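Data block for run36.pdb (PDB, N, CA and C atoms):
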ATOM      1  N   MET A  30     159.469 126.527 -55.336
ATOM      2  CA  MET A  30     160.774 125.981 -55.622
ATOM      3  C   MET A  30     161.619 127.076 -56.257
ATOM      4  N   SER A  31     162.850 127.223 -55.776
ATOM      5  CA  SER A  31     163.724 128.263 -56.314
ATOM      6  C   SER A  31     164.159 127.906 -57.731
ATOM      7  N   ARG A  32     164.610 128.914 -58.449
ATOM      8  CA  ARG A  32     165.045 128.711 -59.833
ATOM      9  C   ARG A  32     166.228 127.740 -59.901
ATOM     10  N   SER A  33     167.185 127.890 -58.983
ATOM     11  CA  SER A  33     168.352 127.001 -59.009
ATOM     12  C   SER A  33     167.952 125.559 -58.683
ATOM     13  N   THR A  34     167.038 125.371 -57.749
ATOM     14  CA  THR A  34     166.557 124.022 -57.424
ATOM     15  C   THR A  34     165.835 123.421 -58.622
ATOM     16  N   THR A  35     165.025 124.224 -59.283
ATOM     17  CA  THR A  35     164.312 123.758 -60.471
ATOM     18  C   THR A  35     165.298 123.301 -61.537
ATOM     19  N   ILE A  36     166.348 124.062 -61.758
ATOM     20  CA  ILE A  36     167.352 123.705 -62.767
ATOM     21  C   ILE A  36     168.034 122.392 -62.399
ATOM     22  N   VAL A  37     168.380 122.227 -61.130
ATOM     23  CA  VAL A  37     169.022 120.989 -60.686
ATOM     24  C   VAL A  37     168.084 119.794 -60.869
ATOM     25  N   VAL A  38     166.815 119.954 -60.500
ATOM     26  CA  VAL A  38     165.848 118.858 -60.635
ATOM     27  C   VAL A  38     165.634 118.509 -62.105
ATOM     28  N   LEU A  39     165.531 119.509 -62.967
ATOM     29  CA  LEU A  39     165.370 119.238 -64.401
ATOM     30  C   LEU A  39     166.597 118.530 -64.972
ATOM     31  N   PHE A  40     167.780 118.953 -64.543
ATOM     32  CA  PHE A  40     169.002 118.298 -65.013
ATOM     33  C   PHE A  40     169.059 116.846 -64.531
ATOM     34  N   LEU A  41     168.706 116.627 -63.263
ATOM     35  CA  LEU A  41     168.683 115.264 -62.727
ATOM     36  C   LEU A  41     167.692 114.400 -63.488
ATOM     37  N   ALA A  42     166.512 114.944 -63.778
ATOM     38  CA  ALA A  42     165.506 114.190 -64.535
ATOM     39  C   ALA A  42     166.034 113.829 -65.923
ATOM     40  N   ALA A  43     166.692 114.768 -66.585
ATOM     41  CA  ALA A  43     167.248 114.496 -67.917
ATOM     42  C   ALA A  43     168.328 113.427 -67.836
ATOM     43  N   LEU A  44     169.152 113.490 -66.806
ATOM     44  CA  LEU A  44     170.200 112.492 -66.632
ATOM     45  C   LEU A  44     169.596 111.109 -66.388
ATOM     46  N   LEU A  45     168.545 111.051 -65.583
ATOM     47  CA  LEU A  45     167.877 109.772 -65.332
ATOM     48  C   LEU A  45     167.224 109.221 -66.603
ATOM     49  N   GLU A  46     166.555 110.086 -67.366
ATOM     50  CA  GLU A  46     165.901 109.611 -68.582
ATOM     51  C   GLU A  46     166.922 109.116 -69.604
ATOM     52  N   ALA A  47     167.929 109.917 -69.879
ATOM     53  CA  ALA A  47     168.945 109.519 -70.857
ATOM     54  C   ALA A  47     169.729 108.309 -70.353
ATOM     55  N   GLY A  48     170.002 108.257 -69.060
ATOM     56  CA  GLY A  48     170.716 107.117 -68.492
ATOM     57  C   GLY A  48     169.901 105.837 -68.563
ATOM     58  N   GLY A  49     168.604 105.939 -68.268
ATOM     59  CA  GLY A  49     167.731 104.767 -68.380
ATOM     60  C   GLY A  49     167.657 104.258 -69.805
ATOM     61  N   ASP A  50     167.554 105.173 -70.749
ATOM     62  CA  ASP A  50     167.546 104.784 -72.165
ATOM     63  C   ASP A  50     168.857 104.087 -72.536
ATOM     64  N   ALA A  51     169.979 104.602 -72.026
ATOM     65  CA  ALA A  51     171.286 103.997 -72.323
ATOM     66  C   ALA A  51     171.386 102.596 -71.729
ATOM     67  N   LEU A  52     170.833 102.400 -70.543
ATOM     68  CA  LEU A  52     170.849 101.066 -69.941
ATOM     69  C   LEU A  52     170.039 100.071 -70.772
ATOM     70  N   ILE A  53     168.897 100.505 -71.281
ATOM     71  CA  ILE A  53     168.104  99.636 -72.151
ATOM     72  C   ILE A  53     168.882  99.298 -73.416
ATOM     73  N   ARG A  54     169.513 100.301 -73.984
ATOM     74  CA  ARG A  54     170.295 100.071 -75.202
ATOM     75  C   ARG A  54     171.428  99.089 -74.929
ATOM     76  N   ALA A  55     172.100  99.252 -73.806
ATOM     77  CA  ALA A  55     173.183  98.332 -73.450
ATOM     78  C   ALA A  55     172.635  96.921 -73.263
ATOM     79  N   GLY A  56     171.468  96.809 -72.622
ATOM     80  CA  GLY A  56     170.859  95.503 -72.416
ATOM     81  C   GLY A  56     170.481  94.813 -73.719
ATOM     82  N   LEU A  57     170.028  95.579 -74.668
ATOM     83  CA  LEU A  57     169.646  95.009 -75.958
ATOM     84  C   LEU A  57     170.829  94.381 -76.687
ATOM     85  N   HIS A  58     172.032  94.854 -76.398
ATOM     86  CA  HIS A  58     173.215  94.363 -77.095
ATOM     87  C   HIS A  58     173.948  93.256 -76.332
ATOM     88  N   LYS A  59     173.446  92.873 -75.181
ATOM     89  CA  LYS A  59     174.059  91.771 -74.431
ATOM     90  C   LYS A  59     173.544  90.441 -74.969
ATOM     91  N   THR A  60     174.363  89.408 -74.871
ATOM     92  CA  THR A  60     173.949  88.095 -75.351
ATOM     93  C   THR A  60     173.474  87.180 -74.222
ATOM     94  N   LEU A  61     173.998  87.361 -73.027
ATOM     95  CA  LEU A  61     173.596  86.510 -71.912
ATOM     96  C   LEU A  61     172.276  86.993 -71.326
ATOM     97  N   PRO A  62     171.315  86.091 -71.166
ATOM     98  CA  PRO A  62     169.997  86.486 -70.666
ATOM     99  C   PRO A  62     170.034  87.180 -69.305
ATOM    100  N   TRP A  63     170.905  86.730 -68.390
ATOM    101  CA  TRP A  63     170.954  87.366 -67.068
ATOM    102  C   TRP A  63     171.481  88.792 -67.162
ATOM    103  N   GLN A  64     172.395  89.060 -68.106
ATOM    104  CA  GLN A  64     172.889  90.428 -68.292
ATOM    105  C   GLN A  64     171.779  91.330 -68.828
ATOM    106  N   LYS A  65     171.027  90.820 -69.804
ATOM    107  CA  LYS A  65     169.890  91.573 -70.334
ATOM    108  C   LYS A  65     168.898  91.885 -69.227
ATOM    109  N   ALA A  66     168.521  90.859 -68.463
ATOM    110  CA  ALA A  66     167.527  91.027 -67.399
ATOM    111  C   ALA A  66     168.003  92.038 -66.358
ATOM    112  N   TRP A  67     169.265  91.957 -65.972
ATOM    113  CA  TRP A  67     169.815  92.878 -64.980
ATOM    114  C   TRP A  67     169.772  94.317 -65.490
ATOM    115  N   LEU A  68     170.230  94.547 -66.701
ATOM    116  CA  LEU A  68     170.232  95.904 -67.255
ATOM    117  C   LEU A  68     168.813  96.430 -67.446
ATOM    118  N   PHE A  69     167.900  95.585 -67.895
ATOM    119  CA  PHE A  69     166.508  96.012 -68.060
ATOM    120  C   PHE A  69     165.877  96.352 -66.714
ATOM    121  N   ALA A  70     166.183  95.578 -65.686
ATOM    122  CA  ALA A  70     165.630  95.853 -64.350
ATOM    123  C   ALA A  70     166.165  97.173 -63.796
ATOM    124  N   VAL A  71     167.460  97.384 -63.938
ATOM    125  CA  VAL A  71     168.050  98.649 -63.465
ATOM    126  C   VAL A  71     167.483  99.812 -64.276
ATOM    127  N   ALA A  72     167.350  99.624 -65.593
ATOM    128  CA  ALA A  72     166.779 100.671 -66.446
ATOM    129  C   ALA A  72     165.360 101.009 -66.014
ATOM    130  N   ALA A  73     164.574  99.995 -65.674
ATOM    131  CA  ALA A  73     163.193 100.237 -65.226
ATOM    132  C   ALA A  73     163.183 101.088 -63.965
ATOM    133  N   LEU A  74     164.082 100.800 -63.029
ATOM    134  CA  LEU A  74     164.166 101.598 -61.803
ATOM    135  C   LEU A  74     164.606 103.032 -62.093
ATOM    136  N   VAL A  75     165.585 103.173 -62.958
ATOM    137  CA  VAL A  75     166.090 104.511 -63.306
ATOM    138  C   VAL A  75     165.002 105.311 -64.018
ATOM    139  N   LEU A  76     164.272 104.679 -64.934
ATOM    140  CA  LEU A  76     163.214 105.391 -65.653
ATOM    141  C   LEU A  76     162.033 105.708 -64.741
ATOM    142  N   PHE A  77     161.766 104.851 -63.770
ATOM    143  CA  PHE A  77     160.751 105.186 -62.769
ATOM    144  C   PHE A  77     161.200 106.400 -61.961
ATOM    145  N   ALA A  78     162.473 106.422 -61.569
ATOM    146  CA  ALA A  78     163.009 107.562 -60.818
ATOM    147  C   ALA A  78     162.901 108.845 -61.643
ATOM    148  N   TYR A  79     163.139 108.742 -62.945
ATOM    149  CA  TYR A  79     162.959 109.893 -63.834
ATOM    150  C   TYR A  79     161.513 110.382 -63.783
ATOM    151  N   GLY A  80     160.572 109.468 -63.964
ATOM    152  CA  GLY A  80     159.159 109.856 -63.962
ATOM    153  C   GLY A  80     158.743 110.499 -62.659
ATOM    154  N   TRP A  81     159.210 109.957 -61.565
ATOM    155  CA  TRP A  81     158.892 110.526 -60.249
ATOM    156  C   TRP A  81     159.537 111.902 -60.096
ATOM    157  N   THR A  82     160.800 112.010 -60.492
ATOM    158  CA  THR A  82     161.536 113.268 -60.343
ATOM    159  C   THR A  82     160.897 114.394 -61.142
ATOM    160  N   VAL A  83     160.501 114.112 -62.365
ATOM    161  CA  VAL A  83     159.980 115.163 -63.234
ATOM    162  C   VAL A  83     158.521 115.510 -62.925
ATOM    163  N   ASN A  84     157.792 114.576 -62.317
ATOM    164  CA  ASN A  84     156.363 114.823 -62.090
ATOM    165  C   ASN A  84     155.989 115.165 -60.658
ATOM    166  N   SER A  85     156.867 114.960 -59.701
ATOM    167  CA  SER A  85     156.495 115.224 -58.306
ATOM    168  C   SER A  85     156.522 116.699 -57.904
ATOM    169  N   PRO A  86     157.409 117.534 -58.447
ATOM    170  CA  PRO A  86     157.383 118.942 -58.042
ATOM    171  C   PRO A  86     156.099 119.644 -58.512
ATOM    172  N   PRO A  87     155.671 120.636 -57.755
ATOM    173  CA  PRO A  87     154.452 121.381 -58.123
ATOM    174  C   PRO A  87     154.766 122.499 -59.124
ATOM    175  N   TRP A  88     155.084 122.134 -60.329
ATOM    176  CA  TRP A  88     155.431 123.144 -61.326
ATOM    177  C   TRP A  88     154.597 122.974 -62.580
ATOM    178  N   ASP A  89     154.629 124.000 -63.403
ATOM    179  CA  ASP A  89     153.982 123.940 -64.710
ATOM    180  C   ASP A  89     155.030 123.413 -65.678
ATOM    181  N   PHE A  90     155.033 122.092 -65.867
ATOM    182  CA  PHE A  90     156.085 121.472 -66.664
ATOM    183  C   PHE A  90     156.112 121.997 -68.087
ATOM    184  N   GLY A  91     154.957 122.371 -68.620
ATOM    185  CA  GLY A  91     154.916 122.914 -69.976
ATOM    186  C   GLY A  91     155.787 124.150 -70.131
ATOM    187  N   LYS A  92     155.851 124.966 -69.098
ATOM    188  CA  LYS A  92     156.679 126.174 -69.145
ATOM    189  C   LYS A  92     158.165 125.837 -69.043
ATOM    190  N   LEU A  93     158.476 124.695 -68.435
ATOM    191  CA  LEU A  93     159.875 124.321 -68.243
ATOM    192  C   LEU A  93     160.380 123.348 -69.295
ATOM    193  N   LEU A  94     159.498 122.950 -70.193
ATOM    194  CA  LEU A  94     159.838 121.921 -71.165
ATOM    195  C   LEU A  94     161.025 122.315 -72.046
ATOM    196  N   GLY A  95     161.113 123.550 -72.440
ATOM    197  CA  GLY A  95     162.222 123.994 -73.292
ATOM    198  C   GLY A  95     163.566 123.766 -72.628
ATOM    199  N   LEU A  96     163.665 124.140 -71.362
ATOM    200  CA  LEU A  96     164.911 123.942 -70.626
ATOM    201  C   LEU A  96     165.185 122.446 -70.436
ATOM    202  N   TYR A  97     164.132 121.678 -70.158
ATOM    203  CA  TYR A  97     164.302 120.235 -69.986
ATOM    204  C   TYR A  97     164.839 119.590 -71.265
ATOM    205  N   VAL A  98     164.311 119.989 -72.404
ATOM    206  CA  VAL A  98     164.757 119.415 -73.682
ATOM    207  C   VAL A  98     166.241 119.718 -73.910
ATOM    208  N   VAL A  99     166.679 120.902 -73.522
ATOM    209  CA  VAL A  99     168.104 121.247 -73.638
ATOM    210  C   VAL A  99     168.927 120.292 -72.779
ATOM    211  N   PHE A 100     168.516 120.122 -71.513
ATOM    212  CA  PHE A 100     169.253 119.216 -70.631
ATOM    213  C   PHE A 100     169.246 117.788 -71.157
ATOM    214  N   PHE A 101     168.099 117.345 -71.666
ATOM    215  CA  PHE A 101     168.023 115.987 -72.191
ATOM    216  C   PHE A 101     168.959 115.825 -73.390
ATOM    217  N   PHE A 102     168.935 116.780 -74.303
ATOM    218  CA  PHE A 102     169.810 116.707 -75.474
ATOM    219  C   PHE A 102     171.275 116.634 -75.050
ATOM    220  N   LEU A 103     171.679 117.519 -74.148
ATOM    221  CA  LEU A 103     173.082 117.564 -73.730
ATOM    222  C   LEU A 103     173.498 116.286 -73.007
ATOM    223  N   THR A 104     172.666 115.791 -72.095
ATOM    224  CA  THR A 104     173.036 114.573 -71.375
ATOM    225  C   THR A 104     173.017 113.357 -72.305
ATOM    226  N   ALA A 105     172.052 113.293 -73.208
ATOM    227  CA  ALA A 105     171.997 112.167 -74.142
ATOM    228  C   ALA A 105     173.229 112.146 -75.043
ATOM    229  N   GLN A 106     173.660 113.310 -75.507
ATOM    230  CA  GLN A 106     174.851 113.365 -76.354
ATOM    231  C   GLN A 106     176.101 112.991 -75.566
ATOM    232  N   ALA A 107     176.198 113.447 -74.325
ATOM    233  CA  ALA A 107     177.356 113.110 -73.488
ATOM    234  C   ALA A 107     177.408 111.602 -73.222
ATOM    235  N   ILE A 108     176.263 111.011 -72.895
ATOM    236  CA  ILE A 108     176.222 109.565 -72.648
ATOM    237  C   ILE A 108     176.547 108.798 -73.921
ATOM    238  N   SER A 109     176.007 109.235 -75.043
ATOM    239  CA  SER A 109     176.281 108.578 -76.320
ATOM    240  C   SER A 109     177.778 108.604 -76.626
ATOM    241  N   TRP A 110     178.391 109.735 -76.347
ATOM    242  CA  TRP A 110     179.818 109.889 -76.625
ATOM    243  C   TRP A 110     180.653 109.063 -75.645
ATOM    244  N   LEU A 111     180.357 109.177 -74.344
ATOM    245  CA  LEU A 111     181.182 108.520 -73.333
ATOM    246  C   LEU A 111     180.928 107.016 -73.232
ATOM    247  N   ALA A 112     179.665 106.596 -73.279
ATOM    248  CA  ALA A 112     179.345 105.186 -73.076
ATOM    249  C   ALA A 112     179.392 104.362 -74.360
ATOM    250  N   PHE A 113     179.022 104.980 -75.471
ATOM    251  CA  PHE A 113     178.918 104.220 -76.718
ATOM    252  C   PHE A 113     179.932 104.668 -77.778
ATOM    253  N   LYS A 114     180.792 105.596 -77.403
ATOM    254  CA  LYS A 114     181.871 106.073 -78.301
ATOM    255  C   LYS A 114     181.339 106.625 -79.623
ATOM    256  N   GLN A 115     180.157 107.271 -79.570
ATOM    257  CA  GLN A 115     179.572 107.858 -80.766
ATOM    258  C   GLN A 115     179.706 109.378 -80.697
ATOM    259  N   ILE A 116     180.645 109.886 -81.452
ATOM    260  CA  ILE A 116     180.889 111.326 -81.475
ATOM    261  C   ILE A 116     179.784 111.995 -82.287
ATOM    262  N   PRO A 117     179.207 113.089 -81.761
ATOM    263  CA  PRO A 117     178.129 113.767 -82.499
ATOM    264  C   PRO A 117     178.624 114.291 -83.846
ATOM    265  N   SER A 118     177.795 114.122 -84.850
ATOM    266  CA  SER A 118     178.130 114.617 -86.190
ATOM    267  C   SER A 118     177.932 116.133 -86.229
ATOM    268  N   LEU A 119     178.371 116.730 -87.310
ATOM    269  CA  LEU A 119     178.175 118.168 -87.497
ATOM    270  C   LEU A 119     176.688 118.503 -87.512
ATOM    271  N   ALA A 120     175.892 117.675 -88.157
ATOM    272  CA  ALA A 120     174.448 117.919 -88.212
ATOM    273  C   ALA A 120     173.836 117.881 -86.803
ATOM    274  N   VAL A 121     174.273 116.952 -85.973
ATOM    275  CA  VAL A 121     173.768 116.869 -84.603
ATOM    276  C   VAL A 121     174.192 118.118 -83.811
ATOM    277  N   LEU A 122     175.420 118.551 -83.996
ATOM    278  CA  LEU A 122     175.896 119.745 -83.292
ATOM    279  C   LEU A 122     175.125 121.003 -83.727
ATOM    280  N   VAL A 123     174.897 121.138 -85.024
ATOM    281  CA  VAL A 123     174.137 122.298 -85.520
ATOM    282  C   VAL A 123     172.699 122.231 -85.022
ATOM    283  N   GLY A 124     172.074 121.066 -85.130
ATOM    284  CA  GLY A 124     170.723 120.901 -84.602
ATOM    285  C   GLY A 124     170.680 121.160 -83.112
ATOM    286  N   GLY A 125     171.710 120.721 -82.401
ATOM    287  CA  GLY A 125     171.802 120.962 -80.966
ATOM    288  C   GLY A 125     171.876 122.443 -80.626
ATOM    289  N   LEU A 126     172.547 123.200 -81.466
ATOM    290  CA  LEU A 126     172.580 124.657 -81.249
ATOM    291  C   LEU A 126     171.183 125.250 -81.347
ATOM    292  N   PHE A 127     170.397 124.742 -82.265
ATOM    293  CA  PHE A 127     169.003 125.199 -82.371
ATOM    294  C   PHE A 127     168.202 124.801 -81.125
ATOM    295  N   ILE A 128     168.430 123.597 -80.633
ATOM    296  CA  ILE A 128     167.741 123.138 -79.434
ATOM    297  C   ILE A 128     168.100 124.026 -78.249
ATOM    298  N   VAL A 129     169.384 124.282 -78.066
ATOM    299  CA  VAL A 129     169.835 125.124 -76.947
ATOM    300  C   VAL A 129     169.297 126.541 -77.092
ATOM    301  N   THR A 130     169.358 127.093 -78.298
ATOM    302  CA  THR A 130     168.830 128.440 -78.527
ATOM    303  C   THR A 130     167.338 128.505 -78.219
ATOM    304  N   GLY A 131     166.594 127.526 -78.706
ATOM    305  CA  GLY A 131     165.157 127.489 -78.439
ATOM    306  C   GLY A 131     164.863 127.349 -76.952
ATOM    307  N   GLY A 132     165.624 126.521 -76.271
ATOM    308  CA  GLY A 132     165.436 126.349 -74.831
ATOM    309  C   GLY A 132     165.688 127.626 -74.059
ATOM    310  N   ILE A 133     166.713 128.358 -74.462
ATOM    311  CA  ILE A 133     167.007 129.641 -73.809
ATOM    312  C   ILE A 133     165.881 130.636 -74.055
ATOM    313  N   ILE A 134     165.394 130.675 -75.280
ATOM    314  CA  ILE A 134     164.283 131.587 -75.600
ATOM    315  C   ILE A 134     163.058 131.251 -74.756
ATOM    316  N   ILE A 135     162.705 129.977 -74.693
ATOM    317  CA  ILE A 135     161.530 129.568 -73.916
ATOM    318  C   ILE A 135     161.735 129.851 -72.443
ATOM    319  N   ALA A 136     162.914 129.516 -71.915
ATOM    320  CA  ALA A 136     163.179 129.690 -70.480
ATOM    321  C   ALA A 136     163.151 131.175 -70.082
ATOM    322  N   THR A 137     163.676 132.031 -70.925
ATOM    323  CA  THR A 137     163.705 133.457 -70.563
ATOM    324  C   THR A 137     162.364 134.123 -70.799
ATOM    325  N   ALA A 138     161.556 133.574 -71.684
ATOM    326  CA  ALA A 138     160.224 134.167 -71.927
ATOM    327  C   ALA A 138     159.274 133.862 -70.791
ATOM    328  N   ASN A 139     159.540 132.837 -69.996
ATOM    329  CA  ASN A 139     158.663 132.430 -68.905
ATOM    330  C   ASN A 139     159.057 133.045 -67.568
ATOM    331  N   THR A 140     159.992 133.965 -67.563
ATOM    332  CA  THR A 140     160.395 134.565 -66.287
ATOM    333  C   THR A 140     159.660 135.836 -66.011
TER
END
For the structure just supplied, provide its representation as structure tokens.
Amino acid sequence: MSRSTTIVVLFLAALLEAGGDALIRAGLHKTLPWQKAWLFAVAALVLFAYGWTVNSPPWDFGKLLGLYVVFFFLTAQAISWLAFKQIPSLAVLVGGLFIVTGGIIIATANT
């Protein structure tokens, strides 16, 4: 698998994982049982797609974990901001810089 394809697949997996988590969170806050059930069912499908996406390629996931964590952090923060109107605090932004820095270090050390 090419490096660019790997990056796209890791980003897609992070988007699916963070998106599935957001769907569960949205379902937990609904009051109508059918709305909860619908969101939980869609979340289950999205999280299954995440598991399949991240585990089906023939890669050493441990070596790619640093980059994946960066993508997960960024997508989770974007979803939190856009879907739930929760702006990241200064502490989250500073911690996020450490996550991104660590991911870059890990990703470049494995090349």
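For the pair atom N of Val98 in chain A and CA of Gly132 in chain A, the interatomic distance is 6.9 Å.
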Might you spell out which residues the PyMOL selection byres ((chain A and resi 68-70) around 8) would select in the displayed file, as a list in words? Ala51, Leu52, Ile53, Arg54, Ala55, Gly56, Leu57, Pro62, Trp63, Gln64, Lys65, Ala66, Trp67, Val71, Ala72, Ala73, Leu74, Val75 and Leu76 of chain A
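Taking atom C of Lys114 in chain A and atom C of Val129 in chain A as the two end points, the separation is 23.4 Å.
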Calculate how many Å separate CA of Ile116 in chain A from CA of Ile134 in chain A, rounding to one decimal.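 Between CA of Ile116 in chain A and CA of Ile134 in chain A the gap is 26.8 Å.
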Expand the PyMOL selection byres ((chain A and resi 39) around 7) into the individual residues it matches in the shown file, reporting them as a PyMOL selection string. chain A and resi 34-38+40-44+83+96-97+100-101
Rank A:Arg32, A:Ala120, A:Ala78, A:Gly48 by their smallest atom-to-atom distance to Ala105 in chain A, using all atoms listed in the file, and report the top residue only.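 Using all atoms listed in the file, Ala105 in chain A sits closest to A:Gly48.
Closest approach to Gly131 in chain A among A:Asp50, A:Val99, A:Asn84, A:Lys92 is made by A:Val99 (distances from only C-alpha atoms).
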